[in-house]
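> The following block contains the structure, expressed as structure tokens.
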Amino acid sequence: MTDTRTLSREGNLEAPTRHPLGWTEPGFYDQEALENELERVFDICHGCRRCVSLCHAFPTLFDLIDESSTMEVDGVARSDYAKVVEHCYLCDLCYQTKCPYVPPHAWNVDFPHLMLRAKAQSFRAEGAPFKARVLSSTTAMGRLASIPVVVDVINAANRNPTARKLLDKTLGVHPDARVPTYHSDTARKRLRRADAAGDAVPAGRTRGKLAIFATCYCNVSEPAVVEDLHAVLQHNGVPNKLVAREVCCGMPKLELGDLDSVAKYKEQNIPVLAAAVREGYDLTAAIPSCVLMFKQELPLMFPDDADVLLVKRHFYDPFEYLMERHRAGRLRTDFRNPLGKIAWQVACHQRVQNIGPKTREILALIPGTEIATIERCSGHDGTYGVKTATYPISRKIARPVEARVRQEEPAHFTSDCPMAGAHIAHGLGDAPVAEHPLSLLRRAYGI
């Protein structure tokens, strides 16, 4: 093994680039090749340790090394590499904000995609437990949980301590974890009559009309957020509608390493989204993970698919879209209500889109409003923040964010990721509750 600490550590001044995942190449699932690459990258991480505060994957790795017989990576049993992999929830922060050795650096470190490769190799070789498959099947769960009458039973069970103990035993959901509230009056039902009537006025890179990907989570658990997005766009003269149909973006299956399921979801979503783009629409979604899936992960999985790349070019974070129009003089600033101090937790999957703090920039336009920015992970990240095995760790990761919110004493607490916001608010005892930035923006407009 090469001792990477004897190599040059000269900084790389070029912009980071991301190589395609290469998941269809024959060597992708080769276990020995994978373990060799894990050892190589782990040795580089061991000599650097800049990412130790990001998540639990890095402390797990460094503890394994420090407690080994050699206190080097070669003293760690390869069978223990999985202990590191299981704590990576693909937030991408190490790649985008910390690591100095990402491509085009010669060491070519892409820690998140290496973890994804390990997850995919494990999934193909061993599958995944039933409980993990269920928790990652968000489309199916949402359809079941939003059925009238059934929705009331599920919501009541989720509030019942005895039922939560059963949920712990059957699906591995921690009894103390906050789980979503489901609605039978989904976002798609609420906006099914909404159309994109009106003239499209291009502004900046935007083409003037927008198709909304409702997302599994917002559709059944936070439908009001989609309504708020619709109202804000209407107020700003942007014709908008829901995409014709959708299934899960694929992020939960990606985190599981089930790449074949990601491909199946892609085959259902991309033709619909690409058709909307060809009709003149741009695209958006109110959850950063879903936006990232279409802007980054699917293009890296399918770099030669013309429709995937078309969708990528026209998919926007909501506040990225609004700021693009503001810069072109097409955003209304007739705000009626000041919001006071807002504590804004920057969602990881929004932060790594490299768009800058667009949510903060838009909210800062509201008179009588102050933004306290908190750039730390919530620790929720998909199912990590609800699973019995990882919930206590996710709470530990969230504590610095919770401490900052308490310190700021804000009138409002917000995160662009509703799941992250709910997780943090839960740790705060809902004092304050979590509100989506789109909801705050609508309140400021008074519409």
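Residue numbers start at 1 in each chain; chains themselves are named A, B, ... in the order of the structure tokens; ligands are numbered from 1 in the order shown.
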Between segment 217-299 of chain A and segment 383-404 of chain A, at 12 Å or less, what are the per-residue closest atom pairs and their distances in Å? Count only C-alpha atoms, order by chain and rising residue number, and return it as JSON lines.


{"residue": "A:Met251", "atom": "CA", "partner": "A:Thr383", "partner_atom": "CA", "distance": 10.9}
{"residue": "A:Pro252", "atom": "CA", "partner": "A:Thr383", "partner_atom": "CA", "distance": 7.9}
{"residue": "A:Lys253", "atom": "CA", "partner": "A:Thr383", "partner_atom": "CA", "distance": 10.7}
{"residue": "A:Leu254", "atom": "CA", "partner": "A:Thr383", "partner_atom": "CA", "distance": 11.9}
{"residue": "A:Glu255", "atom": "CA", "partner": "A:Thr383", "partner_atom": "CA", "distance": 9.0}
{"residue": "A:Leu256", "atom": "CA", "partner": "A:Thr383", "partner_atom": "CA", "distance": 9.7}

> Atoms to include: C-alpha atoms. Write the selected residues as a short mmCIF file (atom, residue, chain, number, x, y, z; two decimals), in the first residue's frame.


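Contents of the output file again28.cif:
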data_model
loop_
_atom_site.label_atom_id
_atom_site.label_comp_id
_atom_site.auth_asym_id
_atom_site.auth_seq_id
_atom_site.Cartn_x
_atom_site.Cartn_y
_atom_site.Cartn_z
CA MET A 251 -32.80 9.12 -3.81
CA PRO A 252 -33.96 6.65 -1.08
CA LYS A 253 -33.02 3.71 -3.30
CA LEU A 254 -29.72 5.38 -4.20
CA GLU A 255 -28.85 5.62 -0.49
CA LEU A 256 -29.65 1.91 -0.18
#

> Which neighbours of segment 422-438 of chain A fall inside 9 Å, counting only C-alpha atoms, when residues of the same chain fewer than 3 positions from it are skipped, and could you give them as a ChimeraX atom specification?

/A:177-180,225-226,228-229,232,286,318-319,344,359,363,378-380,385,395,398-399,401-403,405-406,409-419,441-443

> My list of candidates is A:Leu292, A:Ala33, A:Asp185, A:Arg330. Which is closest to Ile355 of chain A when distances are computed with only C-alpha atoms?

A:Leu292

> Within 9 Å of segment 141-153 of chain A, which residues of segment 190-302 of chain A show up? Give each one with its shortest atom-to-atom distance in Å (one decimal) and the two atoms involved, counting only C-alpha atoms, rows by chain then rising residue number, as JSON lines.


{"residue": "A:Cys216", "atom": "CA", "partner": "A:Gly142", "partner_atom": "CA", "distance": 6.6}
{"residue": "A:Tyr217", "atom": "CA", "partner": "A:Gly142", "partner_atom": "CA", "distance": 7.6}
{"residue": "A:Asn219", "atom": "CA", "partner": "A:Gly142", "partner_atom": "CA", "distance": 8.2}
{"residue": "A:Val220", "atom": "CA", "partner": "A:Gly142", "partner_atom": "CA", "distance": 6.1}
{"residue": "A:Ser221", "atom": "CA", "partner": "A:Gly142", "partner_atom": "CA", "distance": 8.4}

> To test your reading of the structure, identify every residue in segment 30-59 of chain A that backbone DSSP assigns to alpha helix (DSSP H), and report it as a ChimeraX atom specification.

/A:31-48,57-59

> Write the selection just made, keeping N, CA and C atoms, as an mmCIF file, in the first residue's frame?


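Full text of out24.cif as output:
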data_model
loop_
_atom_site.group_PDB
_atom_site.id
_atom_site.type_symbol
_atom_site.label_atom_id
_atom_site.label_comp_id
_atom_site.auth_asym_id
_atom_site.auth_seq_id
_atom_site.Cartn_x
_atom_site.Cartn_y
_atom_site.Cartn_z
ATOM 1 N N GLN A 31 -15.375 -7.152 -6.004
ATOM 2 C CA GLN A 31 -15.163 -6.928 -4.579
ATOM 3 C C GLN A 31 -13.707 -6.611 -4.241
ATOM 4 N N GLU A 32 -12.767 -7.331 -4.836
ATOM 5 C CA GLU A 32 -11.361 -7.076 -4.524
ATOM 6 C C GLU A 32 -10.944 -5.685 -4.989
ATOM 7 N N ALA A 33 -11.364 -5.311 -6.191
ATOM 8 C CA ALA A 33 -11.036 -3.976 -6.700
ATOM 9 C C ALA A 33 -11.650 -2.898 -5.807
ATOM 10 N N LEU A 34 -12.883 -3.149 -5.352
ATOM 11 C CA LEU A 34 -13.540 -2.200 -4.462
ATOM 12 C C LEU A 34 -12.775 -2.063 -3.151
ATOM 13 N N GLU A 35 -12.397 -3.175 -2.560
ATOM 14 C CA GLU A 35 -11.689 -3.129 -1.280
ATOM 15 C C GLU A 35 -10.331 -2.449 -1.424
ATOM 16 N N ASN A 36 -9.651 -2.653 -2.551
ATOM 17 C CA ASN A 36 -8.381 -1.975 -2.793
ATOM 18 C C ASN A 36 -8.571 -0.461 -2.862
ATOM 19 N N GLU A 37 -9.649 -0.045 -3.515
ATOM 20 C CA GLU A 37 -9.923 1.387 -3.625
ATOM 21 C C GLU A 37 -10.340 1.968 -2.272
ATOM 22 N N LEU A 38 -11.118 1.208 -1.502
ATOM 23 C CA LEU A 38 -11.479 1.664 -0.157
ATOM 24 C C LEU A 38 -10.228 1.863 0.694
ATOM 25 N N GLU A 39 -9.299 0.919 0.617
ATOM 26 C CA GLU A 39 -8.068 1.025 1.392
ATOM 27 C C GLU A 39 -7.258 2.256 0.961
ATOM 28 N N ARG A 40 -7.179 2.480 -0.339
ATOM 29 C CA ARG A 40 -6.430 3.630 -0.851
ATOM 30 C C ARG A 40 -7.024 4.942 -0.355
ATOM 31 N N VAL A 41 -8.333 5.086 -0.494
ATOM 32 C CA VAL A 41 -8.984 6.337 -0.095
ATOM 33 C C VAL A 41 -8.984 6.496 1.421
ATOM 34 N N PHE A 42 -9.218 5.410 2.149
ATOM 35 C CA PHE A 42 -9.193 5.496 3.605
ATOM 36 C C PHE A 42 -7.820 5.945 4.104
ATOM 37 N N ASP A 43 -6.761 5.529 3.430
ATOM 38 C CA ASP A 43 -5.423 5.937 3.832
ATOM 39 C C ASP A 43 -5.229 7.441 3.618
ATOM 40 N N ILE A 44 -5.754 7.955 2.527
ATOM 41 C CA ILE A 44 -5.690 9.397 2.284
ATOM 42 C C ILE A 44 -6.480 10.150 3.351
ATOM 43 N N CYS A 45 -7.684 9.662 3.660
ATOM 44 C CA CYS A 45 -8.520 10.305 4.684
ATOM 45 C C CYS A 45 -7.832 10.273 6.047
ATOM 46 N N HIS A 46 -7.169 9.161 6.349
ATOM 47 C CA HIS A 46 -6.457 9.005 7.611
ATOM 48 C C HIS A 46 -5.356 10.054 7.760
ATOM 49 N N GLY A 47 -4.676 10.373 6.667
ATOM 50 C CA GLY A 47 -3.604 11.357 6.727
ATOM 51 C C GLY A 47 -4.083 12.788 6.705
ATOM 52 N N CYS A 48 -5.369 13.000 6.521
ATOM 53 C CA CYS A 48 -5.922 14.351 6.394
ATOM 54 C C CYS A 48 -6.847 14.694 7.562
ATOM 55 N N ALA A 57 -19.380 8.678 9.640
ATOM 56 C CA ALA A 57 -18.542 7.766 8.851
ATOM 57 C C ALA A 57 -17.062 7.991 9.145
ATOM 58 N N PHE A 58 -16.657 9.253 9.228
ATOM 59 C CA PHE A 58 -15.240 9.539 9.421
ATOM 60 C C PHE A 58 -14.759 9.213 10.840
ATOM 61 N N PRO A 59 -15.476 9.572 11.895
ATOM 62 C CA PRO A 59 -15.051 9.119 13.223
ATOM 63 C C PRO A 59 -14.981 7.596 13.324
#

> Pick from A:Gly340, A:Gly250, A:Gly280, A:Gly237: nearest to Lys266 of chain A, with only C-alpha atoms counted?

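The shortest atom-to-atom distance to Lys266 of chain A comes from A:Gly250.
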
> Identify all residues of segment 196-228 of chain A in strand (DSSP E) (DSSP on the backbone) and supply them as a PyMOL selection string.

chain A and resi 210-213

> Using only C-alpha atoms, which of A:Val102, A:Ala200, A:Leu309, A:Leu167 sits nearest Lys295 of chain A?

A:Leu309

> Expressed in Å to a single decimal, how great is the separation between atom CA of Gly75 of chain A and atom CA of Phe62 of chain A?

11.7 Å

> Compare A:Leu322, A:Ala125, A:Ala140, A:Leu114 by their minimum atom-to-atom distance to Leu210 of chain A, counting only C-alpha atoms, and give me the closest one.

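Checking each of A:Leu322, A:Ala125, A:Ala140, A:Leu114 against Leu210 of chain A, counting only C-alpha atoms, the winner is A:Leu322.
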